[in-house]
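Structure file upload.cif (mmCIF, C-alpha atoms) is printed below.
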data_upload
loop_
_atom_site.label_atom_id
_atom_site.label_comp_id
_atom_site.auth_asym_id
_atom_site.auth_seq_id
_atom_site.Cartn_x
_atom_site.Cartn_y
_atom_site.Cartn_z
CA MET A 15 33.01 -13.09 51.55
CA THR A 16 31.46 -11.42 48.54
CA GLN A 17 28.13 -12.89 47.62
CA ILE A 18 27.61 -13.45 43.89
CA ARG A 19 24.13 -12.65 42.77
CA SER A 20 22.81 -14.05 39.55
CA LYS A 21 20.85 -11.78 37.25
CA PRO A 22 17.10 -12.35 37.23
CA ARG A 23 15.78 -14.04 34.10
CA GLU A 24 14.12 -11.82 31.54
CA PRO A 25 10.47 -12.65 30.94
CA ILE A 26 9.75 -14.63 27.79
CA ASP A 27 8.47 -12.44 24.97
CA MET A 28 5.63 -14.22 23.20
CA TRP A 29 6.23 -12.17 20.04
CA GLU A 30 9.72 -13.63 19.60
CA LEU A 31 10.43 -16.97 17.96
CA PRO A 32 11.40 -19.81 20.37
CA THR A 33 15.04 -19.39 19.39
CA LYS A 34 15.96 -15.80 20.17
CA ARG A 35 16.89 -13.96 16.99
CA LYS A 36 19.50 -11.30 16.52
CA MET A 37 18.33 -9.24 13.64
CA ASN A 38 21.60 -7.52 12.88
CA GLY A 39 22.14 -8.23 9.20
CA CYS A 40 20.54 -7.99 5.82
CA LEU A 41 20.29 -11.77 5.47
CA ASP A 42 18.19 -11.96 8.63
CA ASP A 43 15.75 -9.44 7.19
CA VAL A 44 15.64 -11.28 3.86
CA LEU A 45 14.75 -14.48 5.69
CA LEU A 46 12.20 -12.81 7.96
CA GLY A 47 10.57 -10.92 5.09
CA THR A 48 10.38 -14.07 2.96
CA VAL A 49 8.81 -16.12 5.75
CA ALA A 50 6.26 -13.40 6.52
CA TRP A 51 5.46 -13.00 2.80
CA TYR A 52 4.97 -16.74 2.36
CA LEU A 53 2.95 -17.53 5.48
CA THR A 54 0.56 -14.58 5.15
CA GLY A 55 0.30 -15.28 1.43
CA MET A 56 -1.00 -18.76 2.20
CA VAL A 57 -4.01 -17.19 3.94
CA MET A 58 -4.87 -15.22 0.83
CA PHE A 59 -4.20 -18.15 -1.52
CA LEU A 60 -6.36 -20.58 0.44
CA GLY A 61 -9.24 -18.09 0.57
CA PHE A 62 -8.86 -17.39 -3.15
CA SER A 63 -8.82 -21.11 -3.99
CA LEU A 64 -11.90 -21.75 -1.88
CA GLY A 65 -13.78 -18.95 -3.59
CA PHE A 66 -12.78 -20.09 -7.07
CA GLN A 67 -13.75 -23.70 -6.45
CA PHE A 68 -17.00 -23.27 -4.52
CA LEU A 69 -18.39 -19.73 -4.33
CA VAL A 70 -18.48 -19.33 -8.12
CA ARG A 71 -21.21 -21.93 -8.29
CA SER A 72 -23.22 -20.36 -5.49
CA HIS A 73 -24.13 -17.30 -7.59
CA ASN A 74 -23.71 -18.74 -11.11
CA ALA A 75 -20.71 -16.60 -12.03
CA ALA A 76 -18.97 -17.42 -15.28
CA PRO A 77 -15.38 -18.56 -14.61
CA PRO A 78 -12.64 -16.55 -16.34
CA ASP A 79 -11.55 -17.78 -19.77
CA ALA A 80 -8.01 -18.37 -18.53
CA GLY A 81 -9.17 -20.56 -15.64
CA PHE A 82 -7.70 -20.31 -12.15
CA LEU A 83 -4.82 -18.09 -13.23
CA GLY A 84 -7.17 -15.77 -15.09
CA ALA A 85 -9.23 -15.25 -11.95
CA PHE A 86 -6.37 -13.14 -10.59
CA ALA A 87 -6.72 -10.77 -13.56
CA ILE A 88 -10.37 -9.76 -13.52
CA TYR A 89 -11.66 -6.19 -13.12
CA ASP A 90 -8.65 -3.82 -13.15
CA GLY A 91 -6.38 -6.76 -13.86
CA PHE A 92 -8.09 -7.23 -17.21
CA SER A 93 -7.24 -3.63 -18.13
CA TYR A 94 -3.59 -4.16 -17.21
CA LYS A 95 -3.62 -7.34 -19.30
CA ARG A 96 -4.87 -5.35 -22.30
CA VAL A 97 -2.11 -2.77 -21.85
CA VAL A 98 0.49 -5.55 -21.80
CA GLU A 99 -0.88 -7.26 -24.90
CA GLU A 100 -2.28 -4.41 -26.97
CA GLY A 101 -0.80 -1.18 -25.65
CA TYR A 102 -2.72 1.95 -24.67
CA GLU A 103 -5.90 3.29 -26.24
CA PHE A 104 -7.95 6.39 -25.53
CA ASN A 105 -11.56 7.28 -26.28
CA PRO A 106 -12.65 10.57 -24.66
CA LYS A 107 -16.25 9.33 -24.46
CA ALA A 108 -15.68 5.82 -23.13
CA GLN A 109 -13.65 3.91 -20.57
CA SER A 110 -10.06 3.60 -21.87
CA ASN A 111 -7.05 1.76 -20.53
CA ILE A 112 -4.92 4.94 -20.66
CA ALA A 113 -6.39 5.50 -17.18
CA PHE A 114 -3.88 2.93 -15.85
CA PHE A 115 -0.34 4.11 -15.16
CA PRO A 116 2.49 2.40 -17.08
CA VAL A 117 5.14 1.06 -14.68
CA TYR A 118 3.26 -2.09 -13.68
CA PRO A 119 2.05 -3.25 -17.11
CA LEU A 120 5.36 -2.37 -18.79
CA SER A 121 7.24 -4.40 -16.16
CA ALA A 122 4.95 -7.35 -16.85
CA ARG A 123 5.48 -6.94 -20.60
CA TRP A 124 9.26 -7.16 -20.13
CA VAL A 125 8.89 -10.20 -17.86
CA ARG A 126 6.64 -11.90 -20.41
CA ALA A 127 9.11 -11.19 -23.22
CA ALA A 128 12.05 -12.48 -21.17
CA THR A 129 10.40 -15.63 -19.80
CA GLY A 130 7.71 -16.60 -22.28
CA LEU A 131 5.10 -16.66 -19.51
CA SER A 132 1.47 -15.88 -20.15
CA THR A 133 0.31 -12.32 -19.51
CA GLU A 134 -1.50 -13.28 -16.31
CA ALA A 135 1.53 -15.17 -15.01
CA ALA A 136 3.83 -12.25 -15.80
CA LEU A 137 1.54 -9.79 -14.02
CA LEU A 138 1.33 -12.09 -11.00
CA LEU A 139 5.09 -12.58 -10.94
CA VAL A 140 5.68 -8.82 -10.90
CA SER A 141 3.07 -8.32 -8.14
CA ASN A 142 4.31 -11.06 -5.85
CA ALA A 143 8.01 -10.37 -6.38
CA SER A 144 7.32 -6.71 -5.61
CA LEU A 145 5.47 -7.63 -2.44
CA LEU A 146 8.34 -9.85 -1.33
CA GLY A 147 10.72 -6.95 -1.88
CA ALA A 148 8.41 -4.66 0.10
CA PHE A 149 8.41 -7.08 3.06
CA ILE A 150 12.21 -7.24 3.10
CA LEU A 151 12.68 -3.50 2.70
CA LEU A 152 10.11 -2.74 5.38
CA ALA A 153 12.08 -4.90 7.82
CA ARG A 154 15.24 -2.99 6.92
CA TYR A 155 13.43 0.33 7.21
CA LEU A 156 12.19 -0.44 10.71
CA ARG A 157 15.70 -1.21 11.94
CA ALA A 158 17.03 2.02 10.46
CA ARG A 159 14.12 3.97 11.94
CA PHE A 160 14.81 3.05 15.56
CA PRO A 161 18.59 3.44 16.08
CA THR A 162 18.42 3.65 19.89
CA ALA A 163 16.72 0.29 20.13
CA GLN A 164 19.05 -1.11 17.50
CA ARG A 165 22.20 -0.05 19.34
CA ALA A 166 20.90 -1.92 22.34
CA ALA A 167 20.65 -4.99 20.12
CA GLY A 168 24.09 -4.46 18.65
CA ASN A 169 23.11 -2.88 15.36
CA THR A 170 25.34 -0.03 14.25
CA GLU A 171 23.23 1.40 11.44
CA ARG A 172 23.18 5.17 11.55
CA PRO A 173 19.97 7.19 11.57
CA ALA A 174 19.01 9.59 8.83
CA ALA A 175 19.99 13.20 9.19
CA GLY A 176 17.28 15.26 10.82
CA ASP A 177 14.74 12.42 10.92
CA THR A 178 15.39 11.19 14.42
CA ALA A 179 13.97 8.06 15.97
CA GLN A 180 10.86 8.53 18.00
CA PRO A 181 11.28 8.27 21.78
CA ALA A 182 8.29 5.98 22.12
CA ALA A 183 10.10 3.31 20.12
CA ARG A 184 12.96 2.96 22.63
CA ASP A 185 11.02 0.65 24.90
CA THR A 186 9.96 -1.65 22.07
CA ALA A 187 12.08 -4.74 21.39
CA PRO A 188 13.26 -4.46 17.79
CA CYS A 189 12.57 -8.07 16.86
CA ARG A 190 8.99 -8.12 18.00
CA LEU A 191 8.25 -4.71 16.46
CA VAL A 192 9.43 -5.93 13.07
CA ASP A 193 7.50 -9.19 13.48
CA ALA A 194 4.27 -7.45 14.38
CA THR A 195 4.58 -4.83 11.62
CA LEU A 196 5.22 -7.44 8.92
CA VAL A 197 2.30 -9.54 10.14
CA ALA A 198 0.07 -6.44 10.07
CA LEU A 199 1.11 -5.81 6.47
CA GLY A 200 0.66 -9.42 5.39
CA LEU A 201 -2.74 -9.91 7.00
CA PHE A 202 -4.29 -6.54 6.20
CA PRO A 203 -7.73 -7.45 4.78
CA THR A 204 -7.53 -5.43 1.55
CA GLY A 205 -3.94 -6.54 1.13
CA CYS A 206 -5.41 -9.35 -0.97
CA PHE A 207 -4.89 -6.99 -3.92
CA PHE A 208 -1.12 -7.11 -3.33
CA ARG A 209 -1.11 -10.66 -4.67
CA MET A 210 -3.42 -10.15 -7.64
CA CYS A 211 -2.87 -8.54 -11.06
CA TYR A 212 -3.11 -5.08 -9.56
CA THR A 213 -0.60 -2.28 -9.17
CA GLU A 214 -0.70 -2.17 -5.35
CA ALA A 215 2.38 -4.32 -4.69
CA PRO A 216 4.79 -2.53 -7.08
CA PHE A 217 3.54 0.79 -5.75
CA LEU A 218 4.09 -0.30 -2.14
CA LEU A 219 7.61 -1.47 -2.99
CA LEU A 220 8.50 1.92 -4.48
CA ILE A 221 6.99 3.80 -1.53
CA VAL A 222 8.96 1.78 1.02
CA ALA A 223 12.14 1.93 -1.10
CA ALA A 224 11.93 5.72 -1.36
CA MET A 225 11.38 6.11 2.38
CA TYR A 226 14.21 3.69 3.14
CA GLY A 227 16.50 5.64 0.82
CA ILE A 228 15.62 8.87 2.62
CA GLN A 229 16.16 7.24 6.00
CA ARG A 230 19.55 5.80 5.02
CA ARG A 231 20.65 9.03 3.29
CA TRP A 232 21.13 7.56 -0.15
CA PRO A 233 22.38 9.93 -2.86
CA LEU A 234 19.59 12.29 -3.82
CA TRP A 235 19.61 11.14 -7.44
CA ALA A 236 18.88 7.56 -6.31
CA VAL A 237 15.92 8.61 -4.16
CA ILE A 238 14.56 10.83 -6.92
CA SER A 239 14.83 7.96 -9.39
CA ILE A 240 12.57 5.87 -7.15
CA VAL A 241 10.14 8.72 -6.50
CA GLY A 242 9.87 9.34 -10.23
CA LEU A 243 9.01 5.68 -10.84
CA ALA A 244 6.33 5.90 -8.15
CA THR A 245 4.73 8.89 -9.87
CA ALA A 246 4.44 6.75 -13.02
CA THR A 247 2.92 3.87 -11.06
CA ARG A 248 -0.02 5.56 -9.34
CA ALA A 249 -1.27 9.14 -9.13
CA ALA A 250 -0.76 9.03 -5.35
CA GLY A 251 2.97 8.63 -5.98
CA VAL A 252 3.26 12.42 -5.88
CA ALA A 253 2.64 12.12 -2.12
CA LEU A 254 6.31 11.12 -1.83
CA LEU A 255 7.23 14.72 -2.65
CA ALA A 256 6.29 15.66 0.94
CA PRO A 257 8.85 13.46 2.77
CA LEU A 258 11.37 14.21 0.03
CA ALA A 259 10.90 17.95 0.56
CA ILE A 260 11.32 17.55 4.32
CA HIS A 261 14.50 15.56 3.76
CA ILE A 262 15.96 18.14 1.37
CA TRP A 263 15.00 21.02 3.67
CA ARG A 264 16.71 19.45 6.68
CA SER A 265 19.86 18.53 4.77
CA GLN A 266 20.75 22.13 3.84
CA PRO A 267 22.29 24.71 6.20
CA THR A 268 20.67 27.89 4.85
CA LYS A 269 17.22 28.89 3.66
CA ALA A 270 18.59 29.99 0.31
CA ALA A 271 20.23 26.62 -0.28
CA ARG A 272 17.04 24.85 0.80
CA ALA A 273 14.87 26.91 -1.54
CA TRP A 274 17.21 26.39 -4.48
CA ARG A 275 17.44 22.63 -4.03
CA LEU A 276 13.69 22.26 -3.54
CA ALA A 277 12.99 24.25 -6.70
CA PHE A 278 15.42 22.08 -8.65
CA TRP A 279 14.85 18.58 -7.27
CA LEU A 280 11.09 18.41 -6.62
CA PRO A 281 10.04 18.98 -10.25
CA LEU A 282 12.76 16.56 -11.33
CA ALA A 283 11.33 13.95 -8.96
CA CYS A 284 8.15 13.93 -11.07
CA TRP A 285 10.05 12.67 -14.11
CA GLY A 286 7.89 9.52 -14.36
CA LEU A 287 4.62 11.41 -14.39
CA ALA A 288 6.06 13.98 -16.81
CA GLY A 289 7.18 11.21 -19.14
CA PHE A 290 3.75 9.58 -19.05
CA MET A 291 2.10 12.92 -19.85
CA ALA A 292 4.52 13.46 -22.73
CA PHE A 293 3.60 10.03 -24.09
CA GLN A 294 -0.11 10.88 -23.89
CA TYR A 295 0.46 14.12 -25.76
CA VAL A 296 2.46 12.48 -28.53
CA GLU A 297 0.15 9.46 -28.84
CA PHE A 298 -3.28 11.03 -28.31
CA GLY A 299 -2.75 14.80 -28.48
CA ASP A 300 -3.86 15.17 -24.86
CA PRO A 301 -1.33 15.22 -22.00
CA LEU A 302 -4.20 14.70 -19.54
CA ALA A 303 -5.78 11.75 -21.34
CA CYS A 304 -5.28 9.61 -18.21
CA ALA A 305 -7.26 12.05 -16.06
CA HIS A 306 -9.99 12.38 -18.67
CA ALA A 307 -10.23 8.60 -18.97
CA HIS A 308 -10.59 8.31 -15.20
CA GLY A 309 -13.67 10.50 -15.47
CA GLN A 310 -15.42 7.74 -17.41
CA TRP A 311 -15.18 5.42 -14.40
CA ARG A 312 -17.93 6.55 -12.06
CA ILE A 313 -21.12 5.38 -10.42
CA ARG A 314 -22.72 8.83 -10.29
CA PRO A 315 -22.23 12.06 -12.26
CA ALA A 316 -19.47 14.47 -11.39
CA LEU A 317 -20.42 17.69 -9.60
CA ALA A 318 -19.41 21.24 -10.33
CA LEU A 319 -16.30 22.16 -8.38
CA PRO A 320 -18.05 24.25 -5.64
CA ASP A 321 -20.67 21.55 -5.10
CA LYS A 322 -18.05 18.83 -4.99
CA ALA A 323 -15.96 20.78 -2.49
CA ALA A 324 -19.00 21.20 -0.25
CA ALA A 325 -19.82 17.48 -0.51
CA LEU A 326 -16.27 16.44 0.36
CA ALA A 327 -16.07 18.91 3.24
CA THR A 328 -19.26 17.49 4.78
CA PHE A 329 -18.16 13.87 4.19
CA GLU A 330 -21.13 13.22 1.90
CA PRO A 331 -19.31 10.39 0.04
CA LEU A 332 -18.98 8.47 3.31
CA ARG A 333 -22.60 9.00 4.27
CA ALA A 334 -23.89 8.13 0.80
CA VAL A 335 -22.57 4.57 1.10
CA TYR A 336 -25.16 3.92 3.82
CA ASP A 337 -28.02 5.90 2.26
CA PRO A 338 -30.51 3.65 0.38
CA ARG A 339 -31.56 6.62 -1.75
CA SER A 340 -28.05 7.21 -3.07
CA PRO A 341 -26.54 5.62 -6.22
CA ALA A 342 -23.51 4.93 -4.01
CA TYR A 343 -25.50 2.71 -1.62
CA TRP A 344 -23.41 -0.34 -0.85
CA LYS A 345 -26.15 -2.88 -1.54
CA ALA A 346 -26.26 -1.79 -5.17
CA PHE A 347 -22.88 -3.47 -5.65
CA ASP A 348 -22.92 -6.49 -3.33
CA ARG A 349 -25.49 -9.04 -4.37
CA HIS A 350 -25.04 -11.11 -1.24
CA GLY A 351 -26.41 -8.21 0.85
CA THR A 352 -24.34 -9.07 3.93
CA PRO A 353 -22.66 -5.94 5.30
CA TRP A 354 -19.89 -7.66 7.25
CA PHE A 355 -18.74 -9.44 4.06
CA SER A 356 -19.03 -6.33 1.87
CA LEU A 357 -16.00 -4.28 0.92
CA ALA A 358 -18.32 -1.60 -0.49
CA PHE A 359 -19.83 -1.33 3.01
CA ALA A 360 -16.37 -1.24 4.63
CA ASN A 361 -14.64 1.28 2.33
CA PRO A 362 -15.53 4.36 4.47
CA ILE A 363 -14.56 2.42 7.59
CA PHE A 364 -11.10 1.72 6.16
CA LEU A 365 -10.58 5.42 5.42
CA VAL A 366 -11.67 6.57 8.88
CA ALA A 367 -9.59 3.85 10.56
CA ALA A 368 -6.49 4.83 8.56
CA LEU A 369 -6.90 8.49 9.52
CA ALA A 370 -7.32 7.48 13.16
CA LEU A 371 -4.16 5.36 13.02
CA LEU A 372 -2.18 8.25 11.55
CA ALA A 373 -3.50 10.58 14.26
CA LEU A 374 -2.54 8.05 16.93
CA GLY A 375 0.91 7.68 15.42
CA VAL A 376 1.43 11.44 15.52
CA TRP A 377 0.13 11.72 19.08
CA LYS A 378 2.33 8.88 20.34
CA ARG A 379 5.26 10.06 18.21
CA TRP A 380 5.49 6.66 16.55
CA ILE A 381 5.75 8.16 13.06
CA THR A 382 7.90 10.97 11.72
CA PRO A 383 6.66 14.15 10.03
CA GLY A 384 7.67 12.69 6.68
CA GLU A 385 5.66 9.53 7.29
CA THR A 386 2.73 11.57 8.55
CA TRP A 387 2.57 13.78 5.47
CA LEU A 388 3.06 10.80 3.19
CA GLY A 389 0.19 8.89 4.78
CA ALA A 390 -2.13 11.88 4.89
CA LEU A 391 -1.57 12.77 1.24
CA MET A 392 -1.96 9.16 0.11
CA LEU A 393 -5.42 9.21 1.71
CA LEU A 394 -6.40 12.71 0.64
CA ILE A 395 -5.48 12.33 -3.04
CA PRO A 396 -8.03 9.58 -3.82
CA TYR A 397 -10.61 11.09 -1.47
CA LEU A 398 -10.47 14.55 -3.02
CA SER A 399 -10.20 13.34 -6.61
CA ARG A 400 -12.55 10.35 -6.90
CA ALA A 401 -14.44 9.63 -3.66
CA HIS A 402 -17.65 11.34 -4.75
CA GLU A 403 -17.84 9.99 -8.30
CA MET A 404 -16.91 6.45 -7.21
CA GLY A 405 -19.00 6.40 -4.04
CA MET A 406 -15.89 5.62 -1.97
CA GLY A 407 -15.19 2.68 -4.27
CA SER A 408 -11.69 1.16 -3.95
CA MET A 409 -10.91 3.25 -0.85
CA GLY A 410 -10.08 0.14 1.18
CA ARG A 411 -7.66 -0.90 -1.56
CA PHE A 412 -6.06 2.56 -1.59
CA VAL A 413 -5.64 2.39 2.20
CA SER A 414 -3.67 -0.86 1.90
CA VAL A 415 -0.64 0.93 0.40
CA VAL A 416 -0.49 3.65 3.07
CA PHE A 417 2.46 1.99 4.75
CA PRO A 418 2.79 4.36 7.77
CA ILE A 419 -0.37 2.77 9.18
CA TYR A 420 1.53 -0.52 9.48
CA LEU A 421 4.13 1.18 11.65
CA VAL A 422 1.34 2.24 13.99
CA LEU A 423 -0.33 -1.17 13.89
CA GLY A 424 3.00 -2.79 14.76
CA GLN A 425 3.44 -0.49 17.74
CA ILE A 426 -0.09 -1.23 18.94
CA ALA A 427 0.34 -4.98 18.57
CA THR A 428 3.53 -5.06 20.63
CA ARG A 429 1.77 -3.26 23.49
CA LEU A 430 -1.29 -5.50 23.59
CA PRO A 431 -1.49 -8.73 25.59
CA PHE A 432 -0.45 -11.64 23.39
CA ALA A 433 -3.93 -13.18 23.33
CA VAL A 434 -5.55 -9.89 22.30
CA GLY A 435 -3.01 -9.18 19.57
CA THR A 436 -3.31 -12.71 18.21
CA SER A 437 -7.10 -12.46 18.17
CA LEU A 438 -7.00 -9.20 16.19
CA PHE A 439 -4.60 -10.69 13.67
CA ALA A 440 -6.89 -13.72 13.38
CA VAL A 441 -9.82 -11.43 12.52
CA ALA A 442 -7.68 -9.65 9.92
CA ALA A 443 -6.65 -13.01 8.43
CA PHE A 444 -10.31 -14.06 8.26
CA TYR A 445 -11.28 -10.97 6.26
CA LEU A 446 -8.21 -11.31 4.04
CA ALA A 447 -9.43 -14.80 3.14
CA VAL A 448 -13.04 -13.64 2.74
CA TYR A 449 -12.22 -10.78 0.37
CA SER A 450 -9.91 -13.07 -1.61
CA ALA A 451 -12.63 -15.70 -1.92
CA LEU A 452 -15.28 -13.21 -3.00
CA PHE A 453 -12.93 -11.72 -5.59
CA ALA A 454 -12.12 -15.15 -7.04
CA ALA A 455 -15.82 -15.97 -7.17
CA GLY A 456 -16.57 -12.94 -9.33
CA TYR A 457 -18.23 -10.75 -6.75
CA LEU A 458 -17.66 -7.03 -7.26
CA ILE A 459 -14.89 -6.35 -4.75
CA PHE A 460 -13.90 -2.70 -5.12
#
Could you write out this structure as structure tokens?
Amino acid sequence: MTQIRSKPREPIDMWELPTKRKMNGCLDDVLLGTVAWYLTGMVMFLGFSLGFQFLVRSHNAAPPDAGFLGAFAIYDGFSYKRVVEEGYEFNPKAQSNIAFFPVYPLSARWVRAATGLSTEAALLLVSNASLLGAFILLARYLRARFPTAQRAAGNTERPAAGDTAQPAARDTAPCRLVDATLVALGLFPTGCFFRMCYTEAPFLLLIVAAMYGIQRRWPLWAVISIVGLATATRAAGVALLAPLAIHIWRSQPTKAARAWRLAFWLPLACWGLAGFMAFQYVEFGDPLACAHAHGQWRIRPALALPDKAAALATFEPLRAVYDPRSPAYWKAFDRHGTPWFSLAFANPIFLVAALALLALGVWKRWITPGETWLGALMLLIPYLSRAHEMGMGSMGRFVSVVFPIYLVLGQIATRLPFAVGTSLFAVAAFYLAVYSALFAAGYLIF
């Protein structure tokens, strides 16, 4: 008599929801992205509300004229508000709002005209809708990135040509990898800027959309349209040229065809930046007015090029943050004087941590060459261009949009014991709330 043996039960995966999900369709990713966006957003919103209601009084900060809603539009948000309401202006000898790229404020202007919302509400709507789109697209991107794991789960999406899935991802359950990566994105401490009147969320959406288009082999004109928009959203948008170049190179059979297509498509992919420069030339007679305006935002004088190169090569901007003799010393900007609540203190740490995560992703083969180059350039561009003059200011905010680090964080989280992973996410959520509260209270969070 043949003995029938029952299959042993699979161990319960603590990263999965109690009802086992099959993430095989777009609607599943829309739902998952929306839930992750909402729940992690509540952490930021509660911290922000607490700071606005209580911390303002603790250091006698003047509340914004527009009340609670206006508190989302202080610092850089105020400059975007001025662009929406008044347009661009440029003074070569003073800080000018031409330093801020146009896609975000123009989008808010169109939303305000279509809905009748206030400027702050329009800016917030664009930011939070963009972040929601980024969550959903990131979920879709992850499923396209790991086709071997997806076939095991019944997904038939095809991988991108030449950009193969990484072997290390084959032993990672697709559902829990997506869960962990979205949580890492939503709870990243400086991700508080995603939900304020800042350009981070629209920029992240365009970055993820371009990478998803490359992964899914969209028509080249569609990918280039997105890349061009990214170059008109932030200067670091040109970092997308690296994965785009890799994609074009791998899609052509001969070196001659590759060279021709690269020479044609890469300059065309900068159409957004070129258009912005043309506007500056027509309006102000200076196609580099944006760059010159950026030079007026600094906490210490610019160096001659050889001296600046030497300072950057020896990591002087990072060391200066902790040097009491330097104008970049972190305590000069945080009145509370508490290092573990200071973003100025943490900015170099965010940069070093992001570089370490990229290195780990390369070593473990969790990220592709395109993702690696994208992440590296998105870190190098602000470091090489503004780290010295700004004393590493805003570096933590710049790190928040380097989306390849979330792929690595998701891989790490799925390999940690549940209690350890949960504890790390709890720490991230705490700092997300802290930075949000300090920002709402008027502390200089940059």
**OP:** Determine the residue membership of the PyMOL selection byres ((chain A and resi 244) around 12) for the file above and supply it as a ChimeraX atom specification.
**Re:** /A:115-118,213-225,237-243,245-255,283-288,290
**OP:** Quick one: pull the distance between CA of Ile459 (chain A) and CA of Ala358 (chain A), Å, one decimal.
**Re:**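 Computing it gives 7.2 Å between the two atoms.
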Evaluate the PyMOL selection byres ((chain A and resi 147-154) around 6) here and jot the selected residues down as a tab-separated table (two decimals) with C-alpha atoms, in the coordinates of the input.
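Contents of the output file result-v5.tsv:
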chain	number	residue	atom	x	y	z
A	43	ASP	CA	15.75	-9.44	7.19
A	44	VAL	CA	15.64	-11.28	3.86
A	47	GLY	CA	10.57	-10.92	5.09
A	144	SER	CA	7.32	-6.71	-5.61
A	145	LEU	CA	5.47	-7.63	-2.44
A	146	LEU	CA	8.34	-9.85	-1.33
A	155	TYR	CA	13.43	0.33	7.21
A	156	LEU	CA	12.19	-0.44	10.71
A	157	ARG	CA	15.70	-1.21	11.94
A	192	VAL	CA	9.43	-5.93	13.07
A	219	LEU	CA	7.61	-1.47	-2.99
Subject >> d(CA of Leu191 (chain A), CA of Val366 (chain A)) in Å >> reply: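 A separation of 24.1 Å between them.
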**OP:** Find the distance between CA of Ala443 (chain A) and CA of Thr204 (chain A) and write it in Å to one decimal.
**Re:** 10.3 Å
Subject >> Selection near region 437-442 of chain A, 9 Å with only C-alpha atoms, sequence-local residues under 4 positions removed, as a list in words >> reply: Val197, Ala198, Leu201, Phe202, Pro203, Ala427, Phe432, Ala433, Leu446 and Ala447 of chain A
Original post:
If we count all atoms listed in the file, what is near region 291-297 of chain A at a cut-off of 9 Å, once residues fewer than 6 positions away on the same chain are taken out, given as JSON, numbers by chain?
Top reply: {"A": [112, 303, 304]}
Original post:
In terms of the shortest atom-to-atom distance over all atoms listed in the file, which of A:Ile260, A:Cys40, A:Ala122, A:Met56 is closest to Gln229 (chain A)?
Top reply: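 With all atoms listed in the file as the atom set, the closest residue is A:Ile260.
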**OP:** Write out as a ChimeraX atom specification which residues come within 8 Å of Tyr336 (chain A) when counting all atoms listed in the file, dropping same-chain ones fewer than 6 positions away.
**Re:** /A:343-344,359
Please save C-alpha atoms of the selected residues as a compact mmCIF listing (two decimals), in the coordinates of the input.
# COMPACT_ATOMS: atom_id res chain seq x y z
CA TYR A 343 -25.50 2.71 -1.62
CA TRP A 344 -23.41 -0.34 -0.85
CA PHE A 359 -19.83 -1.33 3.01
Original post:
Closest to Leu393 (chain A) among A:Leu64, A:Leu452, A:Leu365, A:Leu374, using all atoms listed in the file?
Top reply: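 Once distances to Leu393 (chain A) are computed over all atoms listed in the file, the minimum belongs to A:Leu365.
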Original post:
Which residue, A:Arg264, A:Arg411, A:Arg272, A:Arg379, has the smallest gap to Met392 (chain A) when you use only C-alpha atoms?
Top reply: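 The shortest atom-to-atom distance to Met392 (chain A) comes from A:Arg411.
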Original post:
When the PyMOL selection byres ((chain A and resi 404) around 9) is applied to the file above, which residues end up in the set, as a list in words?
Top reply: Trp311, Arg312, Ile313, Arg314, Pro331, Ala342, Arg400, Ala401, His402, Glu403, Gly405, Met406, Gly407 and Ser408 of chain A
Residue selection dump (C-alpha atoms) as an mmCIF file, keeping the file's coordinate frame:
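Listing of result.cif after writing:
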data_model
loop_
_atom_site.group_PDB
_atom_site.id
_atom_site.type_symbol
_atom_site.label_atom_id
_atom_site.label_comp_id
_atom_site.auth_asym_id
_atom_site.auth_seq_id
_atom_site.Cartn_x
_atom_site.Cartn_y
_atom_site.Cartn_z
ATOM 1 C CA TRP A 311 -15.180 5.420 -14.400
ATOM 2 C CA ARG A 312 -17.930 6.550 -12.060
ATOM 3 C CA ILE A 313 -21.120 5.380 -10.420
ATOM 4 C CA ARG A 314 -22.720 8.830 -10.290
ATOM 5 C CA PRO A 331 -19.310 10.390 0.040
ATOM 6 C CA ALA A 342 -23.510 4.930 -4.010
ATOM 7 C CA ARG A 400 -12.550 10.350 -6.900
ATOM 8 C CA ALA A 401 -14.440 9.630 -3.660
ATOM 9 C CA HIS A 402 -17.650 11.340 -4.750
ATOM 10 C CA GLU A 403 -17.840 9.990 -8.300
ATOM 11 C CA GLY A 405 -19.000 6.400 -4.040
ATOM 12 C CA MET A 406 -15.890 5.620 -1.970
ATOM 13 C CA GLY A 407 -15.190 2.680 -4.270
ATOM 14 C CA SER A 408 -11.690 1.160 -3.950
#
**OP:** Just the residues within 9 Å of region 135-139 of chain A, please, counting all atoms listed in the file, with nothing from its chain fewer than 2 positions along; format it as JSON, numbers by chain.
**Re:** {"A": [83, 84, 86, 87, 91, 94, 95, 98, 118, 119, 121, 122, 123, 124, 125, 126, 129, 130, 131, 132, 133, 141, 142, 143, 144, 209, 210, 211, 212]}
**OP:** Rank A:Gly375, A:Ala108, A:Cys206, A:Ser414 by their smallest atom-to-atom distance to Gly61 (chain A), using all atoms listed in the file, and report the top residue only.
**Re:** A:Cys206
